[in-house]
$ cat input.cif   # mmCIF, C-alpha atoms
data_coords
#
loop_
_atom_site.group_PDB
_atom_site.id
_atom_site.type_symbol
_atom_site.label_atom_id
_atom_site.label_comp_id
_atom_site.auth_asym_id
_atom_site.auth_seq_id
_atom_site.Cartn_x
_atom_site.Cartn_y
_atom_site.Cartn_z
ATOM 1 C CA MET A 28 -31.635 2.138 -78.934
ATOM 2 C CA ILE A 29 -30.245 3.080 -75.533
ATOM 3 C CA GLN A 30 -31.585 1.015 -72.638
ATOM 4 C CA LYS A 31 -31.451 3.302 -69.624
ATOM 5 C CA SER A 32 -31.560 0.404 -67.181
ATOM 6 C CA HIS A 33 -28.479 -1.173 -68.770
ATOM 7 C CA PHE A 34 -26.665 2.170 -68.832
ATOM 8 C CA GLY A 35 -27.410 2.549 -65.126
ATOM 9 C CA LYS A 36 -26.087 -0.907 -64.317
ATOM 10 C CA ARG A 37 -22.889 -0.268 -66.298
ATOM 11 C CA ILE A 38 -22.031 3.036 -64.640
ATOM 12 C CA ALA A 39 -22.846 1.577 -61.206
ATOM 13 C CA GLN A 40 -20.398 -1.268 -61.902
ATOM 14 C CA HIS A 41 -17.658 1.186 -62.901
ATOM 15 C CA ARG A 42 -18.287 3.285 -59.784
ATOM 16 C CA LYS A 43 -18.027 0.198 -57.559
ATOM 17 C CA ARG A 44 -14.862 -0.845 -59.383
ATOM 18 C CA LEU A 45 -13.301 2.467 -58.333
ATOM 19 C CA LYS A 46 -14.676 1.957 -54.800
ATOM 20 C CA ARG A 47 -16.603 5.232 -54.850
ATOM 21 C CA SER A 48 -19.957 5.913 -53.212
ATOM 22 C CA GLN A 49 -22.761 7.678 -55.061
ATOM 23 C CA ALA A 50 -22.148 10.728 -52.864
ATOM 24 C CA GLU A 51 -18.424 10.769 -53.705
ATOM 25 C CA LEU A 52 -19.139 10.483 -57.438
ATOM 26 C CA ALA A 53 -21.735 13.242 -57.210
ATOM 27 C CA GLU A 54 -19.198 15.546 -55.541
ATOM 28 C CA MET A 55 -16.589 14.792 -58.220
ATOM 29 C CA LEU A 56 -19.083 15.652 -60.969
ATOM 30 C CA GLY A 57 -20.678 18.625 -59.239
ATOM 31 C CA VAL A 58 -24.160 17.100 -59.146
ATOM 32 C CA THR A 59 -26.463 15.808 -56.424
ATOM 33 C CA SER A 60 -26.476 12.269 -55.066
ATOM 34 C CA GLN A 61 -30.082 12.063 -56.233
ATOM 35 C CA ALA A 62 -28.961 12.688 -59.819
ATOM 36 C CA VAL A 63 -26.432 9.843 -59.659
ATOM 37 C CA SER A 64 -29.076 7.587 -58.110
ATOM 38 C CA LYS A 65 -31.481 8.333 -60.980
ATOM 39 C CA TRP A 66 -28.808 7.495 -63.562
ATOM 40 C CA GLU A 67 -27.965 4.202 -61.900
ATOM 41 C CA CYS A 68 -31.639 3.294 -61.440
ATOM 42 C CA GLY A 69 -32.172 3.856 -65.157
ATOM 43 C CA THR A 70 -34.720 6.645 -64.808
ATOM 44 C CA ALA A 71 -32.565 9.405 -66.319
ATOM 45 C CA LEU A 72 -29.465 10.011 -68.427
ATOM 46 C CA PRO A 73 -26.751 12.612 -67.740
ATOM 47 C CA ASP A 74 -26.171 15.341 -70.293
ATOM 48 C CA VAL A 75 -23.367 15.135 -72.859
ATOM 49 C CA GLU A 76 -20.783 17.010 -70.790
ATOM 50 C CA LEU A 77 -21.349 14.747 -67.796
ATOM 51 C CA LEU A 78 -21.231 11.677 -70.043
ATOM 52 C CA LEU A 79 -17.815 12.851 -71.240
ATOM 53 C CA GLU A 80 -16.633 13.287 -67.651
ATOM 54 C CA LEU A 81 -17.875 9.793 -66.768
ATOM 55 C CA SER A 82 -16.115 8.425 -69.845
ATOM 56 C CA HIS A 83 -12.795 9.979 -68.762
ATOM 57 C CA LEU A 84 -13.246 8.932 -65.143
ATOM 58 C CA TYR A 85 -14.049 5.287 -65.978
ATOM 59 C CA GLY A 86 -11.590 4.973 -68.865
ATOM 60 C CA VAL A 87 -14.167 3.811 -71.411
ATOM 61 C CA SER A 88 -15.816 5.432 -74.416
ATOM 62 C CA ILE A 89 -19.193 7.134 -74.241
ATOM 63 C CA ASN A 90 -20.523 4.508 -76.653
ATOM 64 C CA ALA A 91 -19.347 1.737 -74.325
ATOM 65 C CA LEU A 92 -21.323 3.360 -71.514
ATOM 66 C CA LEU A 93 -24.481 3.903 -73.545
ATOM 67 C CA GLU A 94 -24.717 0.964 -75.934
ATOM 68 C CA ASP A 95 -25.294 -2.734 -75.392
ATOM 69 C CA THR A 96 -22.694 -4.884 -77.122
ATOM 70 C CA ASP A 97 -22.758 -8.478 -78.360
ATOM 71 C CA ILE A 98 -20.745 -10.297 -75.688
ATOM 72 C CA LEU A 99 -19.954 -13.133 -78.129
ATOM 73 C CA LYS A 100 -18.839 -11.269 -81.241
ATOM 74 C CA PRO A 101 -15.330 -10.282 -80.030
ATOM 75 C CA LEU A 102 -14.670 -13.870 -78.939
ATOM 76 C CA THR A 103 -15.281 -15.791 -82.160
ATOM 77 C CA ASP A 104 -14.783 -15.703 -85.905
ATOM 78 C CA GLN A 105 -17.283 -18.510 -86.441
ATOM 79 C CA GLU A 106 -20.719 -17.822 -87.871
ATOM 80 C CA TYR A 107 -23.779 -18.202 -85.711
ATOM 81 C CA ARG A 108 -27.442 -17.461 -86.138
ATOM 82 C CA MET A 109 -29.586 -15.653 -83.633
ATOM 83 C CA ASP A 110 -32.628 -17.636 -82.581
ATOM 84 C CA GLY A 111 -33.411 -16.125 -79.209
ATOM 85 C CA ALA A 112 -29.760 -16.981 -78.455
ATOM 86 C CA ALA A 113 -26.623 -17.581 -80.515
ATOM 87 C CA VAL A 114 -26.703 -21.013 -82.170
ATOM 88 C CA PHE A 115 -23.378 -22.261 -83.549
ATOM 89 C CA ASP A 116 -24.465 -25.568 -85.088
ATOM 90 C CA SER A 117 -27.520 -26.999 -86.806
ATOM 91 C CA GLY A 118 -29.620 -26.141 -83.790
ATOM 92 C CA ALA A 119 -31.413 -29.494 -83.886
ATOM 93 C CA GLU A 120 -32.602 -30.733 -80.503
ATOM 94 C CA LEU A 121 -31.362 -34.186 -79.508
ATOM 95 C CA SER A 122 -34.753 -34.769 -77.886
ATOM 96 C CA PRO A 123 -37.582 -32.487 -79.057
ATOM 97 C CA GLU A 124 -39.909 -34.079 -76.480
ATOM 98 C CA TRP A 125 -37.496 -33.238 -73.658
ATOM 99 C CA ALA A 126 -37.115 -29.687 -74.983
ATOM 100 C CA ALA A 127 -40.886 -29.233 -75.121
ATOM 101 C CA ASP A 128 -41.193 -30.503 -71.556
ATOM 102 C CA ILE A 129 -38.661 -27.896 -70.390
ATOM 103 C CA VAL A 130 -40.836 -25.127 -71.806
ATOM 104 C CA GLU A 131 -44.213 -26.518 -70.754
ATOM 105 C CA GLY A 132 -42.997 -27.497 -67.298
ATOM 106 C CA LYS A 133 -41.304 -24.116 -66.724
ATOM 107 C CA TRP A 134 -38.189 -25.901 -65.532
ATOM 108 C CA ILE A 135 -35.975 -22.805 -65.717
ATOM 109 C CA ALA A 136 -38.141 -20.682 -63.425
ATOM 110 C CA ARG A 137 -38.489 -23.557 -60.953
ATOM 111 C CA ASN A 138 -34.756 -24.276 -60.853
ATOM 112 C CA TRP A 139 -33.875 -20.595 -60.467
ATOM 113 C CA ARG A 140 -36.247 -20.242 -57.509
ATOM 114 C CA GLU A 141 -34.873 -23.406 -55.893
ATOM 115 C CA ALA A 142 -31.279 -22.228 -56.332
ATOM 116 C CA ASN A 143 -32.103 -18.978 -54.582
ATOM 117 C CA ALA A 144 -34.269 -20.482 -51.867
ATOM 118 C CA LYS A 145 -32.480 -23.664 -50.786
ATOM 119 C CA ALA A 146 -29.326 -23.796 -48.703
ATOM 120 C CA ARG A 147 -26.773 -25.575 -50.905
ATOM 121 C CA PRO A 148 -23.458 -24.842 -49.200
ATOM 122 C CA VAL A 149 -21.210 -26.388 -51.871
ATOM 123 C CA GLU A 150 -22.823 -24.622 -54.828
ATOM 124 C CA CYS A 151 -23.088 -21.327 -52.940
ATOM 125 C CA ASP A 152 -19.421 -21.457 -51.923
ATOM 126 C CA VAL A 153 -18.245 -22.352 -55.426
ATOM 127 C CA GLY A 154 -20.471 -19.682 -56.978
ATOM 128 C CA ARG A 155 -19.051 -17.071 -54.603
ATOM 129 C CA ARG A 156 -15.457 -18.089 -55.379
ATOM 130 C CA ILE A 157 -16.088 -17.893 -59.121
ATOM 131 C CA ALA A 158 -17.796 -14.515 -58.766
ATOM 132 C CA GLU A 159 -14.847 -13.179 -56.763
ATOM 133 C CA THR A 160 -12.455 -14.278 -59.536
ATOM 134 C CA GLY A 161 -14.205 -11.826 -61.861
ATOM 135 C CA GLY A 162 -13.754 -11.408 -65.589
ATOM 136 C CA LEU A 163 -15.726 -13.234 -68.273
ATOM 137 C CA ILE A 164 -17.183 -16.583 -67.202
ATOM 138 C CA LEU A 165 -18.200 -19.337 -69.611
ATOM 139 C CA GLU A 166 -20.763 -21.713 -68.084
ATOM 140 C CA ILE A 167 -20.739 -24.886 -70.206
ATOM 141 C CA GLY A 168 -23.405 -27.573 -70.242
ATOM 142 C CA ALA A 169 -25.711 -25.403 -68.140
ATOM 143 C CA GLU A 170 -28.802 -27.600 -68.688
ATOM 144 C CA PRO A 171 -32.135 -26.557 -67.104
ATOM 145 C CA GLY A 172 -30.441 -26.316 -63.691
ATOM 146 C CA GLY A 173 -28.109 -23.575 -64.943
ATOM 147 C CA GLY A 174 -24.933 -25.208 -63.623
ATOM 148 C CA PHE A 175 -23.104 -22.836 -61.300
ATOM 149 C CA ALA A 176 -24.570 -19.739 -63.016
ATOM 150 C CA PRO A 177 -27.471 -19.208 -60.550
ATOM 151 C CA TYR A 178 -25.024 -19.344 -57.630
ATOM 152 C CA ILE A 179 -22.541 -17.006 -59.334
ATOM 153 C CA LEU A 180 -25.353 -14.531 -59.984
ATOM 154 C CA ARG A 181 -26.585 -14.990 -56.426
ATOM 155 C CA ALA A 182 -23.142 -13.855 -55.256
ATOM 156 C CA ASN A 183 -22.830 -11.103 -57.870
ATOM 157 C CA PRO A 184 -25.867 -10.158 -60.007
ATOM 158 C CA ASP A 185 -23.545 -8.073 -62.211
ATOM 159 C CA ALA A 186 -21.253 -10.979 -63.144
ATOM 160 C CA SER A 187 -20.385 -11.385 -66.832
ATOM 161 C CA ILE A 188 -21.444 -14.889 -67.899
ATOM 162 C CA ILE A 189 -22.029 -16.750 -71.145
ATOM 163 C CA ILE A 190 -24.650 -19.379 -70.332
ATOM 164 C CA SER A 191 -24.290 -22.232 -72.799
ATOM 165 C CA ASP A 192 -25.657 -25.665 -73.514
ATOM 166 C CA MET A 193 -25.966 -28.120 -76.392
ATOM 167 C CA SER A 194 -29.713 -27.431 -76.476
ATOM 168 C CA PRO A 195 -30.903 -24.177 -78.106
ATOM 169 C CA THR A 196 -34.137 -24.497 -76.123
ATOM 170 C CA VAL A 197 -32.263 -24.482 -72.823
ATOM 171 C CA VAL A 198 -30.333 -21.303 -73.575
ATOM 172 C CA ARG A 199 -33.389 -19.579 -75.071
ATOM 173 C CA GLU A 200 -35.398 -20.361 -71.957
ATOM 174 C CA TRP A 201 -32.628 -19.091 -69.699
ATOM 175 C CA LYS A 202 -32.448 -15.872 -71.709
ATOM 176 C CA LYS A 203 -36.200 -15.292 -71.590
ATOM 177 C CA TYR A 204 -36.293 -15.868 -67.856
ATOM 178 C CA LEU A 205 -33.194 -13.905 -66.824
ATOM 179 C CA ASP A 206 -34.066 -10.979 -69.105
ATOM 180 C CA LYS A 207 -37.137 -10.538 -66.901
ATOM 181 C CA GLU A 208 -35.523 -11.506 -63.616
ATOM 182 C CA LEU A 209 -32.222 -9.591 -63.809
ATOM 183 C CA ASP A 210 -32.289 -7.427 -66.962
ATOM 184 C CA SER A 211 -28.480 -7.616 -66.992
ATOM 185 C CA PRO A 212 -26.352 -6.321 -69.898
ATOM 186 C CA ASN A 213 -23.574 -8.712 -68.840
ATOM 187 C CA LEU A 214 -25.149 -12.034 -69.841
ATOM 188 C CA GLY A 215 -24.777 -13.915 -73.116
ATOM 189 C CA TYR A 216 -26.456 -17.112 -74.291
ATOM 190 C CA ALA A 217 -25.167 -19.649 -76.799
ATOM 191 C CA ALA A 218 -25.790 -23.202 -78.001
ATOM 192 C CA PHE A 219 -22.798 -25.264 -79.126
ATOM 193 C CA ASP A 220 -20.856 -28.495 -78.654
ATOM 194 C CA PHE A 221 -18.389 -27.814 -75.822
ATOM 195 C CA CYS A 222 -16.098 -30.560 -77.096
ATOM 196 C CA GLN A 223 -15.499 -28.031 -79.917
ATOM 197 C CA LEU A 224 -15.781 -24.574 -78.394
ATOM 198 C CA PRO A 225 -16.361 -21.833 -80.995
ATOM 199 C CA PHE A 226 -14.139 -19.270 -79.247
ATOM 200 C CA ARG A 227 -10.632 -17.983 -79.894
ATOM 201 C CA ASP A 228 -7.622 -19.065 -77.882
ATOM 202 C CA GLY A 229 -7.091 -17.320 -74.552
ATOM 203 C CA CYS A 230 -10.225 -15.174 -74.382
ATOM 204 C CA ILE A 231 -12.097 -16.490 -71.296
ATOM 205 C CA ASP A 232 -11.249 -15.829 -67.635
ATOM 206 C CA VAL A 233 -13.205 -18.687 -66.041
ATOM 207 C CA VAL A 234 -14.783 -21.847 -67.450
ATOM 208 C CA SER A 235 -17.471 -23.108 -65.089
ATOM 209 C CA ASP A 236 -18.717 -26.682 -65.387
ATOM 210 C CA HIS A 237 -21.274 -28.320 -63.077
ATOM 211 C CA GLY A 238 -21.364 -31.808 -64.587
ATOM 212 C CA GLY A 239 -21.294 -30.874 -68.268
ATOM 213 C CA ILE A 240 -17.935 -32.457 -69.049
ATOM 214 C CA VAL A 241 -18.711 -35.638 -67.103
ATOM 215 C CA ASN A 242 -21.904 -36.012 -69.149
ATOM 216 C CA ALA A 243 -20.446 -34.777 -72.426
ATOM 217 C CA VAL A 244 -22.300 -35.695 -75.600
ATOM 218 C CA THR A 245 -21.772 -34.584 -79.186
ATOM 219 C CA ALA A 246 -24.229 -32.753 -81.421
ATOM 220 C CA THR A 247 -25.292 -36.151 -82.779
ATOM 221 C CA GLY A 248 -26.097 -37.525 -79.344
ATOM 222 C CA LYS A 249 -23.059 -39.795 -79.054
ATOM 223 C CA ILE A 250 -20.903 -39.886 -75.917
ATOM 224 C CA GLY A 251 -18.445 -37.029 -76.241
ATOM 225 C CA ASN A 252 -14.694 -37.018 -75.767
ATOM 226 C CA LYS A 253 -14.269 -35.733 -72.227
ATOM 227 C CA GLY A 254 -10.551 -35.268 -72.728
ATOM 228 C CA ALA A 255 -11.313 -33.099 -75.753
ATOM 229 C CA ALA A 256 -13.732 -31.011 -73.668
ATOM 230 C CA LEU A 257 -11.037 -30.444 -71.045
ATOM 231 C CA ARG A 258 -8.493 -29.521 -73.715
ATOM 232 C CA GLU A 259 -10.952 -27.064 -75.233
ATOM 233 C CA ALA A 260 -11.525 -25.455 -71.834
ATOM 234 C CA TYR A 261 -7.759 -25.109 -71.462
ATOM 235 C CA ARG A 262 -7.399 -23.620 -74.952
ATOM 236 C CA VAL A 263 -9.963 -20.828 -74.541
ATOM 237 C CA LEU A 264 -8.794 -19.798 -71.065
ATOM 238 C CA LYS A 265 -6.464 -16.844 -70.640
ATOM 239 C CA PRO A 266 -3.056 -17.443 -69.041
ATOM 240 C CA ASP A 267 -3.660 -18.214 -65.353
ATOM 241 C CA GLY A 268 -7.351 -18.704 -66.229
ATOM 242 C CA LEU A 269 -9.497 -20.928 -64.031
ATOM 243 C CA LEU A 270 -11.505 -24.052 -64.805
ATOM 244 C CA VAL A 271 -13.994 -24.994 -62.093
ATOM 245 C CA THR A 272 -15.360 -28.444 -62.796
ATOM 246 C CA THR A 273 -17.203 -31.218 -61.020
ATOM 247 C CA ALA A 274 -16.830 -34.972 -61.272
ATOM 248 C CA GLY A 275 -18.999 -37.779 -59.946
ATOM 249 C CA PHE A 276 -17.553 -41.284 -60.066
ATOM 250 C CA VAL A 277 -17.420 -44.700 -58.418
ATOM 251 C CA THR A 278 -13.986 -45.315 -56.911
ATOM 252 C CA LYS A 279 -11.785 -48.220 -57.931
ATOM 253 C CA ASP A 280 -11.968 -49.574 -54.381
ATOM 254 C CA THR A 281 -15.770 -49.698 -54.618
ATOM 255 C CA LEU A 282 -15.492 -51.484 -57.966
ATOM 256 C CA ALA A 283 -13.015 -54.023 -56.579
ATOM 257 C CA ALA A 284 -15.371 -54.897 -53.716
ATOM 258 C CA LEU A 285 -18.184 -55.908 -56.088
ATOM 259 C CA PRO A 286 -18.766 -59.497 -57.269
ATOM 260 C CA GLU A 287 -16.644 -60.328 -60.305
ATOM 261 C CA GLN A 288 -19.610 -60.813 -62.646
ATOM 262 C CA VAL A 289 -21.086 -57.460 -61.568
ATOM 263 C CA GLN A 290 -17.749 -55.766 -62.247
ATOM 264 C CA LYS A 291 -17.687 -57.286 -65.725
ATOM 265 C CA VAL A 292 -21.197 -56.082 -66.598
ATOM 266 C CA LEU A 293 -20.582 -52.555 -65.283
ATOM 267 C CA LEU A 294 -17.264 -52.221 -67.110
ATOM 268 C CA GLU A 295 -18.904 -53.391 -70.331
ATOM 269 C CA LYS A 296 -22.037 -51.248 -70.107
ATOM 270 C CA ARG A 297 -20.957 -48.173 -68.116
ATOM 271 C CA PRO A 298 -17.177 -47.831 -67.924
ATOM 272 C CA ASP A 299 -17.646 -44.054 -67.748
ATOM 273 C CA ILE A 300 -18.890 -44.161 -64.152
ATOM 274 C CA PHE A 301 -15.399 -45.158 -62.966
ATOM 275 C CA GLU A 302 -13.661 -42.199 -64.656
ATOM 276 C CA ASP A 303 -12.593 -39.482 -62.222
ATOM 277 C CA LEU A 304 -11.047 -37.405 -65.078
ATOM 278 C CA TYR A 305 -8.085 -36.321 -62.933
ATOM 279 C CA GLU A 306 -5.514 -37.751 -65.343
ATOM 280 C CA GLU A 307 -7.347 -36.240 -68.320
ATOM 281 C CA THR A 308 -7.301 -32.847 -66.596
ATOM 282 C CA VAL A 309 -3.535 -33.097 -66.098
ATOM 283 C CA LEU A 310 -3.035 -34.179 -69.709
ATOM 284 C CA ALA A 311 -5.127 -31.226 -70.884
ATOM 285 C CA GLY A 312 -2.330 -29.014 -69.530
ATOM 286 C CA PHE A 313 -3.608 -27.607 -66.252
ATOM 287 C CA ARG A 314 -0.655 -26.836 -63.976
ATOM 288 C CA LYS A 315 -2.432 -26.689 -60.608
ATOM 289 C CA ILE A 316 -5.439 -28.805 -59.647
ATOM 290 C CA ASP A 317 -7.109 -28.516 -56.251
ATOM 291 C CA SER A 318 -9.716 -31.247 -55.659
ATOM 292 C CA THR A 319 -12.234 -31.281 -52.824
ATOM 293 C CA VAL A 320 -14.722 -34.062 -52.084
ATOM 294 C CA SER A 321 -18.104 -32.344 -52.005
ATOM 295 C CA GLY A 322 -20.381 -35.262 -51.124
ATOM 296 C CA TYR A 323 -21.698 -38.691 -51.991
ATOM 297 C CA TRP A 324 -24.822 -40.245 -53.452
ATOM 298 C CA ASP A 325 -26.116 -43.806 -53.686
ATOM 299 C CA THR A 326 -27.918 -45.464 -56.574
ATOM 300 C CA CYS A 327 -30.432 -46.956 -54.133
ATOM 301 C CA ASP A 328 -31.716 -43.394 -53.563
ATOM 302 C CA ASP A 329 -31.817 -42.431 -57.245
ATOM 303 C CA GLU A 330 -33.939 -43.042 -60.362
ATOM 304 C CA SER A 331 -31.281 -42.664 -63.052
ATOM 305 C CA ASP A 332 -30.336 -45.187 -65.751
ATOM 306 C CA ILE A 333 -27.269 -46.250 -63.782
ATOM 307 C CA ALA A 334 -29.446 -46.707 -60.683
ATOM 308 C CA GLU A 335 -31.729 -49.035 -62.660
ATOM 309 C CA LEU A 336 -28.703 -51.006 -63.886
ATOM 310 C CA ALA A 337 -27.273 -51.297 -60.356
ATOM 311 C CA CYS A 338 -30.659 -52.422 -59.030
ATOM 312 C CA SER A 339 -30.940 -55.082 -61.747
ATOM 313 C CA LEU A 340 -27.524 -56.389 -60.665
ATOM 314 C CA GLY A 341 -28.547 -56.418 -57.019
ATOM 315 C CA VAL A 342 -25.963 -53.884 -55.852
ATOM 316 C CA ASN A 343 -25.811 -50.344 -54.551
ATOM 317 C CA LEU A 344 -23.174 -48.040 -55.999
ATOM 318 C CA ARG A 345 -21.851 -45.091 -54.034
ATOM 319 C CA PHE A 346 -20.692 -42.141 -56.133
ATOM 320 C CA THR A 347 -18.095 -39.674 -54.900
ATOM 321 C CA ASN A 348 -18.614 -36.072 -55.974
ATOM 322 C CA CYS A 349 -15.705 -33.657 -56.134
ATOM 323 C CA VAL A 350 -15.097 -30.069 -57.198
ATOM 324 C CA ARG A 351 -11.830 -29.136 -58.904
ATOM 325 C CA PHE A 352 -10.259 -25.699 -59.261
ATOM 326 C CA CYS A 353 -7.754 -25.975 -62.114
ATOM 327 C CA ARG A 354 -5.318 -23.237 -63.166
ATOM 328 C CA LYS A 355 -3.970 -22.849 -66.676
#
$ encode --input "input.cif" --output "structure tokens"
Amino acid sequence: MIQKSHFGKRIAQHRKRLKRSQAELAEMLGVTSQAVSKWECGTALPDVELLLELSHLYGVSINALLEDTDILKPLTDQEYRMDGAAVFDSGAELSPEWAADIVEGKWIARNWREANAKARPVECDVGRRIAETGGLILEIGAEPGGGFAPYILRANPDASIIISDMSPTVVREWKKYLDKELDSPNLGYAAFDFCQLPFRDGCIDVVSDHGGIVNAVTATGKIGNKGAALREAYRVLKPDGLLVTTAGFVTKDTLAALPEQVQKVLLEKRPDIFEDLYEETVLAGFRKIDSTVSGYWDTCDDESDIAELACSLGVNLRFTNCVRFCRK
């Protein structure tokens, strides 16, 4: 079944790619600007002869203009089942209670509205830079906040993104919401372990990660291999592809300034909070890494597990947040 709205969005994208106005395209095809506007708004379809002319002009087949395609199928030879989104593993939720709360609390809608309403300079700037890179974007570990995806789509609603997470509920909820909000043919949704990406080598233009790798877990709920996640990102990227990733960590200087017994407890219970992942990113193979400090946060202002641990030890921990742009 042909979705006129998706056809309209596709031909509008091709026109913009060629830097043509609706009036210029209309003149080239011998039709009115109003006719082109109706096609792109999804209220009408051109006749067969005009479809053929559009196909030649844009360098794509008529079928590619008319039909929706599975964004995932060309990227993988692994089996997946469709359950509102593509699910590549058992599909079991690590926390069914948490998943139910996401649905009942309408977390996705709330986070989308906040991302579009609040001024978040770092996320907006990163989203714009990713959108300008273009190509196919893989957002890993999106979680209910969506990672960088809301900010990429804020910069370019026509961006091509696979929104992914370990949780099938998360990606299903994002699909249900964005189908209504954007109705974009350029979005895909998948649930998988991003320490073992299900995609072929060299098929993704940008991997976008807003805290997923730092908080990596496996399908069984165990702490994941962050180095493996970085290596997987490297593997699936095209040559000169871009990984945009965030890291939040406590610096070694901060650790050294703490009482010796506190250091011992933290290193035993939460050694991960001192990992900045820079060395792991280099070892994954990335040839150029640009890091920018994007802010700080203190455990005394937080309610996380690590904040509770720091409070029980009588200390405040300051985390440094950074954004890295890494080229393959």
$ atom_distance --input "input.cif" --atom1 "atom CA of Phe301 of chain A" --atom2 "atom CA of Gln223 of chain A"
24.1 Å
$ resolve_selection --input "input.cif" --expression "the PyMOL selection byres ((chain A and resi 35) around 8)" --output "PyMOL selection string"
chain A and resi 31-34+36-39+66-69
$ residues_near_point --input "input.cif" --point "(-32.7, -9.6, -70.8)" --cutoff "12 Å" --atoms "all atoms listed in the file" --output "compact mmCIF listing (two decimals) with C-alpha atoms, keeping the file's coordinate frame"
# COMPACT_ATOMS: atom_id res chain seq x y z
CA GLN A 30 -31.58 1.01 -72.64
CA SER A 32 -31.56 0.40 -67.18
CA HIS A 33 -28.48 -1.17 -68.77
CA ASP A 95 -25.29 -2.73 -75.39
CA GLY A 111 -33.41 -16.12 -79.21
CA ALA A 112 -29.76 -16.98 -78.46
CA ARG A 199 -33.39 -19.58 -75.07
CA GLU A 200 -35.40 -20.36 -71.96
CA TRP A 201 -32.63 -19.09 -69.70
CA LYS A 202 -32.45 -15.87 -71.71
CA LYS A 203 -36.20 -15.29 -71.59
CA TYR A 204 -36.29 -15.87 -67.86
CA LEU A 205 -33.19 -13.90 -66.82
CA ASP A 206 -34.07 -10.98 -69.10
CA LYS A 207 -37.14 -10.54 -66.90
CA GLU A 208 -35.52 -11.51 -63.62
CA LEU A 209 -32.22 -9.59 -63.81
CA ASP A 210 -32.29 -7.43 -66.96
CA SER A 211 -28.48 -7.62 -66.99
CA PRO A 212 -26.35 -6.32 -69.90
CA ASN A 213 -23.57 -8.71 -68.84
CA LEU A 214 -25.15 -12.03 -69.84
CA GLY A 215 -24.78 -13.92 -73.12
CA TYR A 216 -26.46 -17.11 -74.29
$ residues_around --input "input.cif" --residues "Lys315 of chain A" --least-positions-apart "3" --cutoff "10 Å" --atoms "only C-alpha atoms" --output "ChimeraX atom specification"
/A:267,269,308-309,312,318,351-355
$ closest_residue --input "input.cif" --among "A:Leu224, A:Leu92, A:Ala217, A:Cys338" --to "Met109 of chain A" --atoms "only C-alpha atoms"
A:Ala217
$ residues_near_point --input "input.cif" --point "(-4.9, -17.8, -68.9)" --cutoff "12 Å" --atoms "all atoms listed in the file" --output "ChimeraX atom specification"
/A:162-163,228-234,260-270,312-314,353-355
$ residues_around --input "input.cif" --residues "Ile129 of chain A" --least-positions-apart "6" --cutoff "12 Å" --atoms "all atoms listed in the file" --output "PDB file with C-alpha atoms, in the coordinates of the input"
ATOM      1  CA  SER A 122     -34.753 -34.769 -77.886  1.00  0.00           C
ATOM      2  CA  PRO A 123     -37.582 -32.487 -79.057  1.00  0.00           C
ATOM      3  CA  ILE A 135     -35.975 -22.805 -65.717  1.00  0.00           C
ATOM      4  CA  ALA A 136     -38.141 -20.682 -63.425  1.00  0.00           C
ATOM      5  CA  ARG A 137     -38.489 -23.557 -60.953  1.00  0.00           C
ATOM      6  CA  ASN A 138     -34.756 -24.276 -60.853  1.00  0.00           C
ATOM      7  CA  GLU A 170     -28.802 -27.600 -68.688  1.00  0.00           C
ATOM      8  CA  PRO A 171     -32.135 -26.557 -67.104  1.00  0.00           C
ATOM      9  CA  GLY A 172     -30.441 -26.316 -63.691  1.00  0.00           C
ATOM     10  CA  SER A 194     -29.713 -27.431 -76.476  1.00  0.00           C
ATOM     11  CA  PRO A 195     -30.903 -24.177 -78.106  1.00  0.00           C
ATOM     12  CA  THR A 196     -34.137 -24.497 -76.123  1.00  0.00           C
ATOM     13  CA  VAL A 197     -32.263 -24.482 -72.823  1.00  0.00           C
ATOM     14  CA  VAL A 198     -30.333 -21.303 -73.575  1.00  0.00           C
ATOM     15  CA  ARG A 199     -33.389 -19.579 -75.071  1.00  0.00           C
ATOM     16  CA  GLU A 200     -35.398 -20.361 -71.957  1.00  0.00           C
ATOM     17  CA  TRP A 201     -32.628 -19.091 -69.699  1.00  0.00           C
TER      18      TRP A 201
END
$ resolve_selection --input "input.cif" --expression "the PyMOL selection byres ((chain A and resi 278-280) around 9)" --output "list of chain:residue names"
A:Phe276, A:Val277, A:Thr281, A:Leu282, A:Ala283, A:Ala284, A:Ile300, A:Phe301, A:Glu302, A:Asp303, A:Arg345, A:Phe346, A:Thr347
$ closest_residue --input "input.cif" --among "A:Gly275, A:Asp152, A:Lys100, A:Ala255" --to "Ile189 of chain A" --atoms "only C-alpha atoms"
A:Lys100
$ resolve_selection --input "input.cif" --expression "the PyMOL selection byres ((chain A and resi 178) around 8)" --output "ChimeraX atom specification"
/A:142-143,150-151,153-155,175-177,179-182
$ residues_around --input "input.cif" --residues "Leu56 of chain A" --least-positions-apart "3" --cutoff "10 Å" --atoms "all atoms listed in the file" --output "list in words"
Ala50, Glu51, Leu52, Ala53, Thr59, Val63, Leu77, Glu80, Leu81 and Leu84 of chain A
$ closest_residue --input "input.cif" --among "A:Val114, A:Ile29, A:Thr319, A:Glu166" --to "Glu94 of chain A" --atoms "only C-alpha atoms"
A:Ile29
$ closest_residue --input "input.cif" --among "A:Asn183, A:Ser331, A:Thr96, A:Asn242" --to "Gly168 of chain A" --atoms "only C-alpha atoms"
A:Asn242
$ atom_distance --input "input.cif" --atom1 "atom CA of Gly238 of chain A" --atom2 "atom CA of Val271 of chain A"
10.3 Å
$ atom_distance --input "input.cif" --atom1 "atom CA of Ile316 of chain A" --atom2 "atom CA of Val350 of chain A"
10.0 Å
$ residues_around --input "input.cif" --residues "Asp192 of chain A" --least-positions-apart "3" --cutoff "6 Å" --atoms "only C-alpha atoms" --output "PyMOL selection string"
chain A and resi 167-169+218
$ closest_residue --input "input.cif" --among "A:Ser191, A:Asn252, A:Asn348, A:Thr273" --to "Leu99 of chain A" --atoms "all atoms listed in the file"
A:Ser191
